[in-house]
>>> print(open('model16.txt').read())   # compact mmCIF, C-alpha atoms
# COMPACT_ATOMS: atom_id res chain seq x y z
CA MET A 1 128.72 142.35 50.21
CA ALA A 2 131.92 141.28 48.64
CA SER A 3 131.45 137.57 48.62
CA THR A 4 129.48 134.68 49.95
CA TYR A 5 132.17 132.37 51.13
CA GLU A 6 135.45 134.13 51.60
CA LEU A 7 137.57 131.20 52.51
CA ALA A 8 140.78 131.84 54.30
CA GLU A 9 143.29 129.10 54.66
CA PRO A 10 143.15 127.66 58.17
CA GLN A 11 145.79 129.22 60.34
CA ALA A 12 147.91 127.39 62.83
CA PRO A 13 146.69 128.25 66.32
CA GLU A 14 148.61 130.77 68.34
CA THR A 15 149.95 129.56 71.63
CA GLU A 16 148.86 132.58 73.56
CA ALA A 17 145.30 133.19 74.62
CA SER A 18 143.62 136.55 74.76
CA GLU A 19 143.30 138.07 78.19
CA PRO A 20 140.06 137.24 79.95
CA GLU A 21 137.75 140.15 80.31
CA ALA A 22 135.64 141.05 83.29
CA SER A 23 132.11 139.77 83.45
CA SER A 24 129.49 141.89 81.79
CA PRO A 25 127.14 143.91 84.01
CA ASP A 26 124.42 141.27 83.76
CA GLY A 27 126.75 138.60 85.06
CA VAL A 28 127.43 136.76 81.81
CA PRO A 29 131.00 135.47 82.01
CA ALA A 30 133.37 136.88 79.41
CA LEU A 31 135.14 134.32 77.28
CA VAL A 32 138.80 133.83 76.53
CA LEU A 33 138.97 133.52 72.76
CA LEU A 34 141.23 130.87 71.26
CA PRO A 35 143.13 131.03 69.03
CA VAL A 36 144.16 134.66 68.81
CA GLY A 37 143.75 136.07 65.33
CA GLU A 38 141.11 136.39 62.67
CA ALA A 39 138.25 133.94 62.89
CA VAL A 40 137.93 131.70 59.86
CA GLY A 41 135.10 129.49 58.80
CA VAL A 42 132.24 131.55 60.22
CA CYS A 43 128.76 132.26 58.85
CA ASP A 44 126.89 135.33 60.02
CA LEU A 45 123.36 136.66 60.01
CA ASP A 46 123.90 138.49 56.72
CA GLY A 47 124.23 135.14 55.01
CA ALA A 48 127.94 135.63 54.48
CA CYS A 49 130.38 132.84 55.24
CA ARG A 50 134.03 133.76 55.44
CA MET B 51 119.54 122.28 78.28
CA GLY B 52 119.65 125.91 77.40
CA ALA B 53 119.58 127.21 80.94
CA ALA B 54 122.65 125.39 82.20
CA ILE B 55 125.34 125.96 79.65
CA PHE B 56 128.17 126.78 82.00
CA GLY B 57 129.75 124.31 84.32
CA GLU B 58 130.28 120.62 84.37
CA THR B 59 127.92 117.75 83.77
CA GLU B 60 128.70 114.74 85.91
CA GLY B 61 132.35 115.68 86.04
CA LYS B 62 132.76 116.00 82.29
CA LEU B 63 134.29 118.86 80.36
CA VAL B 64 131.40 120.47 78.52
CA VAL B 65 131.74 121.93 75.05
CA ASP B 66 128.75 124.09 74.16
CA VAL B 67 128.30 124.60 70.43
CA TRP B 68 126.11 127.21 68.76
CA SER B 69 125.35 126.25 65.18
CA ASP B 70 122.73 126.06 62.48
CA VAL B 71 121.89 123.08 60.31
CA MET B 72 122.15 125.23 57.18
CA CYS B 73 125.59 126.61 58.04
CA PRO B 74 128.32 124.93 55.95
CA PHE B 75 131.07 125.80 58.38
CA CYS B 76 129.05 124.39 61.28
CA TYR B 77 129.12 120.99 59.59
CA MET B 78 132.88 121.37 59.14
CA GLY B 79 133.40 122.67 62.66
CA ASP B 80 131.45 119.81 64.17
CA THR B 81 133.57 117.34 62.24
CA LEU B 82 136.86 119.03 63.15
CA LEU B 83 135.88 119.24 66.82
CA ALA B 84 135.02 115.54 66.78
CA GLN B 85 138.44 114.78 65.30
CA ALA B 86 140.10 116.86 68.00
CA ILE B 87 138.15 115.08 70.74
CA GLU B 88 139.25 111.76 69.27
CA GLN B 89 142.87 112.86 69.57
CA PHE B 90 142.44 114.44 72.99
CA GLU B 91 143.73 112.22 75.76
CA HIS B 92 140.68 112.95 77.91
CA GLY B 93 138.28 112.74 75.00
CA SER B 94 136.04 110.24 76.76
CA GLU B 95 135.40 112.86 79.42
CA VAL B 96 134.20 115.54 77.01
CA GLU B 97 130.52 116.18 76.50
CA VAL B 98 129.31 118.23 73.52
CA ARG B 99 126.01 120.07 73.70
CA TYR B 100 124.42 121.79 70.72
CA HIS B 101 122.63 125.10 70.93
CA SER B 102 120.44 126.84 68.42
CA PHE B 103 121.42 129.75 66.20
CA LEU B 104 119.24 130.64 63.21
CA LEU B 105 121.16 132.19 60.34
CA MET B 106 118.05 132.85 58.26
CA PRO B 107 115.14 133.12 60.69
CA GLU B 108 113.20 135.05 58.07
CA LEU B 109 112.78 132.00 55.83
CA PRO B 110 109.30 130.47 55.78
CA SER B 111 108.97 127.08 57.45
CA ASP B 112 106.45 125.69 54.98
CA ARG B 113 107.88 126.82 51.65
CA PRO B 114 111.29 125.51 50.57
CA SER B 115 113.54 127.81 48.57
CA ASP B 116 116.53 127.30 46.35
CA LEU B 117 119.66 128.22 48.28
CA MET B 118 121.37 129.88 45.33
CA GLU B 119 118.29 131.97 44.61
CA ILE B 120 118.32 133.24 48.18
CA LEU B 121 122.00 134.11 48.07
CA VAL B 122 121.76 135.85 44.73
CA GLU B 123 118.34 137.48 44.79
CA ARG B 124 117.77 138.21 48.48
CA LYS B 125 121.29 138.55 49.80
CA GLY B 126 122.73 140.24 46.73
CA PHE B 127 125.71 138.03 45.99
CA PRO B 128 126.96 137.77 42.38
CA ARG B 129 126.01 134.31 41.15
CA GLU B 130 129.44 133.41 39.76
CA GLN B 131 131.10 134.38 43.00
CA ALA B 132 128.63 132.43 45.11
CA GLU B 133 129.11 129.36 42.93
CA ALA B 134 132.88 129.65 43.05
CA MET B 135 132.88 129.98 46.78
CA ASN B 136 130.52 127.05 47.21
CA ALA B 137 133.03 125.07 45.19
CA GLN B 138 135.76 126.09 47.62
CA VAL B 139 133.68 125.00 50.60
CA THR B 140 133.01 121.74 48.81
CA ALA B 141 136.71 121.18 48.27
CA ARG B 142 137.61 121.99 51.85
CA GLY B 143 134.84 119.74 53.08
CA LYS B 144 136.01 116.90 50.90
CA ALA B 145 139.43 117.13 52.53
CA ILE B 146 137.88 116.18 55.86
CA GLY B 147 135.47 113.61 54.47
CA LEU B 148 132.34 115.72 53.96
CA ASP B 149 130.27 115.62 50.78
CA TYR B 150 128.73 119.05 50.13
CA ARG B 151 126.08 119.15 47.40
CA PHE B 152 124.99 122.77 47.29
CA ASP B 153 123.10 122.12 44.06
CA ARG B 154 120.67 119.97 46.03
CA ALA B 155 120.32 122.16 49.13
CA VAL B 156 116.76 123.02 50.08
CA ALA B 157 116.68 126.23 52.07
CA ILE B 158 113.99 126.32 54.73
CA ASN B 159 113.50 127.82 58.16
CA SER B 160 115.61 125.63 60.45
CA ARG B 161 113.72 126.23 63.67
CA THR B 162 111.87 122.90 63.59
CA ALA B 163 115.13 121.06 62.96
CA HIS B 164 116.57 122.80 66.01
CA ARG B 165 113.61 121.69 68.08
CA LEU B 166 114.24 118.14 66.93
CA SER B 167 117.87 118.49 68.00
CA HIS B 168 116.71 119.42 71.49
CA PHE B 169 114.26 116.54 71.54
CA ALA B 170 117.17 114.26 70.62
CA ALA B 171 119.19 115.78 73.47
CA SER B 172 116.42 114.85 75.88
CA GLU B 173 116.77 111.28 74.62
CA GLY B 174 120.57 111.26 74.74
CA ARG B 175 121.01 111.23 70.94
CA GLN B 176 121.77 114.85 70.11
CA HIS B 177 125.15 114.41 68.45
CA ALA B 178 123.89 111.70 66.11
CA MET B 179 120.81 113.78 65.34
CA VAL B 180 122.74 116.95 64.60
CA HIS B 181 125.20 115.10 62.39
CA ARG B 182 122.33 113.47 60.49
CA LEU B 183 120.63 116.84 60.02
CA PHE B 184 123.79 118.33 58.54
CA LYS B 185 124.13 115.43 56.13
CA ALA B 186 120.45 115.61 55.23
CA TYR B 187 120.76 119.29 54.35
CA PHE B 188 124.18 119.42 52.71
CA THR B 189 124.50 116.02 51.08
CA ASP B 190 121.09 114.45 50.67
CA GLY B 191 119.16 117.55 49.61
CA LEU B 192 116.34 116.80 52.05
CA ASN B 193 113.83 119.33 53.26
CA VAL B 194 114.75 119.62 56.95
CA GLY B 195 111.61 121.62 57.62
CA ASP B 196 109.32 118.79 56.58
CA HIS B 197 107.90 117.02 59.60
CA ALA B 198 107.80 113.56 58.04
CA VAL B 199 111.36 113.90 56.80
CA LEU B 200 112.52 114.99 60.24
CA ALA B 201 110.71 112.11 61.90
CA ASP B 202 112.35 109.68 59.48
CA LEU B 203 115.76 111.15 60.28
CA ALA B 204 115.04 110.81 63.97
CA ALA B 205 114.23 107.14 63.48
CA GLU B 206 117.46 106.68 61.55
CA VAL B 207 119.48 107.73 64.57
CA GLY B 208 117.61 105.44 66.89
CA LEU B 209 114.87 107.69 68.20
CA ASP B 210 111.24 106.68 68.40
CA ARG B 211 109.67 108.06 65.21
CA ASP B 212 106.21 108.66 66.66
CA LYS B 213 107.60 110.33 69.74
CA ALA B 214 109.84 112.55 67.62
CA LEU B 215 106.93 113.45 65.34
CA HIS B 216 104.80 114.32 68.32
CA ALA B 217 107.55 116.57 69.68
CA ILE B 218 107.85 118.26 66.29
CA GLU B 219 104.14 118.80 65.79
CA SER B 220 103.39 119.86 69.35
CA GLY B 221 105.84 122.75 69.24
CA ALA B 222 107.99 121.24 71.96
CA PHE B 223 111.34 122.84 72.79
CA GLU B 224 110.44 126.23 71.35
CA GLU B 225 111.53 127.82 74.62
CA VAL B 226 114.89 126.03 74.48
CA VAL B 227 115.57 127.45 71.02
CA ASP B 228 114.65 130.92 72.24
CA GLU B 229 116.87 130.55 75.30
CA ASP B 230 119.82 129.46 73.17
CA ILE B 231 119.39 132.47 70.91
CA ARG B 232 119.18 134.75 73.93
CA GLN B 233 122.34 133.26 75.41
CA ALA B 234 124.15 133.65 72.11
CA ARG B 235 123.25 137.32 72.12
CA GLU B 236 124.45 137.70 75.71
CA LEU B 237 127.76 136.09 74.83
CA GLY B 238 128.18 138.39 71.85
CA ILE B 239 128.02 135.57 69.32
CA SER B 240 127.36 137.05 65.89
CA GLY B 241 128.41 134.13 63.73
CA VAL B 242 128.54 130.37 63.87
CA PRO B 243 129.85 127.87 64.59
CA PHE B 244 130.87 129.11 68.01
CA PHE B 245 132.25 126.82 70.69
CA VAL B 246 132.49 127.43 74.44
CA LEU B 247 134.73 125.04 76.33
CA GLY B 248 134.37 124.62 80.06
CA GLY B 249 132.28 127.75 80.17
CA LYS B 250 135.40 129.86 79.68
CA TYR B 251 137.20 129.39 76.38
CA GLY B 252 135.57 130.49 73.14
CA VAL B 253 136.50 129.23 69.69
CA SER B 254 134.93 130.97 66.72
CA GLY B 255 134.61 129.19 63.41
CA ALA B 256 135.62 125.92 61.82
CA GLN B 257 139.16 126.10 63.10
CA PRO B 258 141.82 123.49 62.41
CA VAL B 259 141.90 120.41 64.64
CA GLU B 260 145.02 121.81 66.35
CA ALA B 261 143.10 124.88 67.52
CA PHE B 262 140.36 122.75 69.02
CA LEU B 263 142.96 120.56 70.70
CA GLN B 264 144.64 123.61 72.20
CA ALA B 265 141.33 124.86 73.52
CA LEU B 266 140.46 121.44 74.95
CA GLN B 267 143.82 121.29 76.70
CA SER B 268 143.41 124.79 78.13
CA ALA B 269 139.91 124.07 79.37
CA TRP B 270 141.02 120.75 80.84
CA ALA B 271 143.97 122.35 82.64
CA ASP B 272 141.66 124.94 84.16
CA ARG B 273 139.27 122.25 85.21
CA ALA B 274 142.03 120.24 86.84
CA ALA B 275 143.32 123.30 88.69
CA VAL B 276 139.99 123.94 90.43
>>> encode(input="model16.txt", output="structure tokens")
Amino acid sequence: MASTYELAEPQAPETEASEPEASSPDGVPALVLLPVGEAVGVCDLDGACR
Amino acid sequence: MGAAIFGETEGKLVVDVWSDVMCPFCYMGDTLLAQAIEQFEHGSEVEVRYHSFLLMPELPSDRPSDLMEILVERKGFPREQAEAMNAQVTARGKAIGLDYRFDRAVAINSRTAHRLSHFAASEGRQHAMVHRLFKAYFTDGLNVGDHAVLADLAAEVGLDRDKALHAIESGAFEEVVDEDIRQARELGISGVPFFVLGGKYGVSGAQPVEAFLQALQSAWADRAAV
């Protein structure tokens, strides 16, 4: 892995949302992700925070 | 709590948050969301609910570890890089009033802390409990897997210590933790913090306050349109 905490500067939110997707086959509603763009400030199961 | 994540609670806009007590960005995200809710004109009508996500479920629950040792020896990060990046998190946290002390952090399986969070939810004190757990882990260097420590923290936020200790030691809320993890998987959540507003809008990560405000406004507009 390249780094532990790859901090990106917080980005200003976009004004446009991603298009909602259809529900998954098991009925779980799909989410509209805000803001559009790369997620920052996330930790994952590999122990990496970026 | 875990079974009814989508929809409203007594007419409020619900924000469901998946996080882990040992996730530095979850502490930040919680703080930034709280700031956004403070600025949001309908903030008093927003309810935040915390769901469990275990970043390191493989950690033992009875044997604390040094966080840096885990990152370097088990996860394979270069020590200098991990330390530098911790310093960056510390600096960013300081900018929003958080005091990160990674040198004190005691890594431990966080499942019991999550169960305590759900106990606190059942008593109407989840936000205070979660916030105290973050501070205990990141600032105070406390072992958040230790039952006595957790019971003390529960008492600090106004919960009955004996009742909290009983919940911890009886294994209560295990099924709620499992349900939260299952729901996270169903929603495709692979990292935390992750926020779901009004059961529709997802926000990934410790985003700026403006992003949370935008999401709150979108979710509120949808709610009003129904």
>>> residues_around(input="model16.txt", residues="Val98 of chain B", least_positions_apart="2", cutoff="8 Å", atoms="only C-alpha atoms", output="PyMOL selection string")
chain B and resi 64-67+96+100+177
>>> write_last_selection(input="model16.txt", atoms="C-alpha atoms", output="PDB file, in the frame of the given file")
ATOM      1  CA  VAL B  64     131.400 120.470  78.520  1.00  0.00           C
ATOM      2  CA  VAL B  65     131.740 121.930  75.050  1.00  0.00           C
ATOM      3  CA  ASP B  66     128.750 124.090  74.160  1.00  0.00           C
ATOM      4  CA  VAL B  67     128.300 124.600  70.430  1.00  0.00           C
ATOM      5  CA  VAL B  96     134.200 115.540  77.010  1.00  0.00           C
ATOM      6  CA  TYR B 100     124.420 121.790  70.720  1.00  0.00           C
ATOM      7  CA  HIS B 177     125.150 114.410  68.450  1.00  0.00           C
TER       8      HIS B 177
END
>>> residues_around(input="model16.txt", residues="segment 159-176 of chain B", least_positions_apart="5", cutoff="8 Å", atoms="all atoms listed in the file", output="number ranges by chain")
B: 51, 70-72, 99-100, 102, 104, 106-111, 183, 194-195, 200, 204, 207-209, 214, 217-218, 221-224, 226-227
>>> write_last_selection(input="model16.txt", atoms="C-alpha atoms", output="JSON list (two decimals), in the coordinates of the input")
[["chain", "number", "residue", "atom", "x", "y", "z"],
["B", 51, "MET", "CA", 119.54, 122.28, 78.28],
["B", 70, "ASP", "CA", 122.73, 126.06, 62.48],
["B", 71, "VAL", "CA", 121.89, 123.08, 60.31],
["B", 72, "MET", "CA", 122.15, 125.23, 57.18],
["B", 99, "ARG", "CA", 126.01, 120.07, 73.70],
["B", 100, "TYR", "CA", 124.42, 121.79, 70.72],
["B", 102, "SER", "CA", 120.44, 126.84, 68.42],
["B", 104, "LEU", "CA", 119.24, 130.64, 63.21],
["B", 106, "MET", "CA", 118.05, 132.85, 58.26],
["B", 107, "PRO", "CA", 115.14, 133.12, 60.69],
["B", 108, "GLU", "CA", 113.20, 135.05, 58.07],
["B", 109, "LEU", "CA", 112.78, 132.00, 55.83],
["B", 110, "PRO", "CA", 109.30, 130.47, 55.78],
["B", 111, "SER", "CA", 108.97, 127.08, 57.45],
["B", 183, "LEU", "CA", 120.63, 116.84, 60.02],
["B", 194, "VAL", "CA", 114.75, 119.62, 56.95],
["B", 195, "GLY", "CA", 111.61, 121.62, 57.62],
["B", 200, "LEU", "CA", 112.52, 114.99, 60.24],
["B", 204, "ALA", "CA", 115.04, 110.81, 63.97],
["B", 207, "VAL", "CA", 119.48, 107.73, 64.57],
["B", 208, "GLY", "CA", 117.61, 105.44, 66.89],
["B", 209, "LEU", "CA", 114.87, 107.69, 68.20],
["B", 214, "ALA", "CA", 109.84, 112.55, 67.62],
["B", 217, "ALA", "CA", 107.55, 116.57, 69.68],
["B", 218, "ILE", "CA", 107.85, 118.26, 66.29],
["B", 221, "GLY", "CA", 105.84, 122.75, 69.24],
["B", 222, "ALA", "CA", 107.99, 121.24, 71.96],
["B", 223, "PHE", "CA", 111.34, 122.84, 72.79],
["B", 224, "GLU", "CA", 110.44, 126.23, 71.35],
["B", 226, "VAL", "CA", 114.89, 126.03, 74.48],
["B", 227, "VAL", "CA", 115.57, 127.45, 71.02]]
>>> residues_around(input="model16.txt", residues="segment 238-245 of chain B", least_positions_apart="5", cutoff="6 Å", atoms="only C-alpha atoms", output="PyMOL selection string")
(chain A and resi 42-44) or (chain B and resi 66-69+76+252-255)
>>> write_last_selection(input="model16.txt", atoms="C-alpha atoms", output="CSV table (one decimal), keeping the file's coordinate frame")
chain,number,residue,atom,x,y,z
A,42,VAL,CA,132.2,131.6,60.2
A,43,CYS,CA,128.8,132.3,58.8
A,44,ASP,CA,126.9,135.3,60.0
B,66,ASP,CA,128.8,124.1,74.2
B,67,VAL,CA,128.3,124.6,70.4
B,68,TRP,CA,126.1,127.2,68.8
B,69,SER,CA,125.4,126.2,65.2
B,76,CYS,CA,129.0,124.4,61.3
B,252,GLY,CA,135.6,130.5,73.1
B,253,VAL,CA,136.5,129.2,69.7
B,254,SER,CA,134.9,131.0,66.7
B,255,GLY,CA,134.6,129.2,63.4
>>> closest_residue(input="model16.txt", among="B:His216, B:Leu203, B:Pro258, B:Glu123", to="Arg182 of chain B", atoms="only C-alpha atoms")
B:Leu203
>>> interface_residues(input="model16.txt", of="chain B", to="chain A", cutoff="9 Å", atoms="only C-alpha atoms", output="VMD selection string")
chain B and resid 73 to 76 78 to 79 104 to 107 121 125 to 128 131 to 136 138 to 139 233 236 to 237 240 to 244 246 249 to 258 260 to 262 264 to 265
>>> atom_distance(input="model16.txt", atom1="atom CA of Lys62 of chain B", atom2="atom CA of Glu95 of chain B")
5.0 Å
>>> residues_around(input="model16.txt", residues="Thr81 of chain B", least_positions_apart="6", cutoff="10 Å", atoms="all atoms listed in the file", output="VMD selection string")
chain B and resid 75 87 143 146 to 148 181 256 259
>>> write_last_selection(input="model16.txt", atoms="C-alpha atoms", output="PDB file, in the frame of the given file")
ATOM      1  CA  PHE B  75     131.070 125.800  58.380  1.00  0.00           C
ATOM      2  CA  ILE B  87     138.150 115.080  70.740  1.00  0.00           C
ATOM      3  CA  GLY B 143     134.840 119.740  53.080  1.00  0.00           C
ATOM      4  CA  ILE B 146     137.880 116.180  55.860  1.00  0.00           C
ATOM      5  CA  GLY B 147     135.470 113.610  54.470  1.00  0.00           C
ATOM      6  CA  LEU B 148     132.340 115.720  53.960  1.00  0.00           C
ATOM      7  CA  HIS B 181     125.200 115.100  62.390  1.00  0.00           C
ATOM      8  CA  ALA B 256     135.620 125.920  61.820  1.00  0.00           C
ATOM      9  CA  VAL B 259     141.900 120.410  64.640  1.00  0.00           C
TER      10      VAL B 259
END
>>> atom_distance(input="model16.txt", atom1="atom CA of Ser115 of chain B", atom2="atom CA of Val156 of chain B")
6.0 Å
>>> atom_distance(input="model16.txt", atom1="atom CA of Ala234 of chain B", atom2="atom CA of Phe103 of chain B")
7.6 Å
>>> axis_aligned_box(input="model16.txt", around="segment 130-147 of chain B", padding_each_side="5 Å", output="AutoDock Vina command-line options")
--center_x 134.0 --center_y 124.0 --center_z 47.8 --size_x 20.8 --size_y 30.8 --size_z 26.1
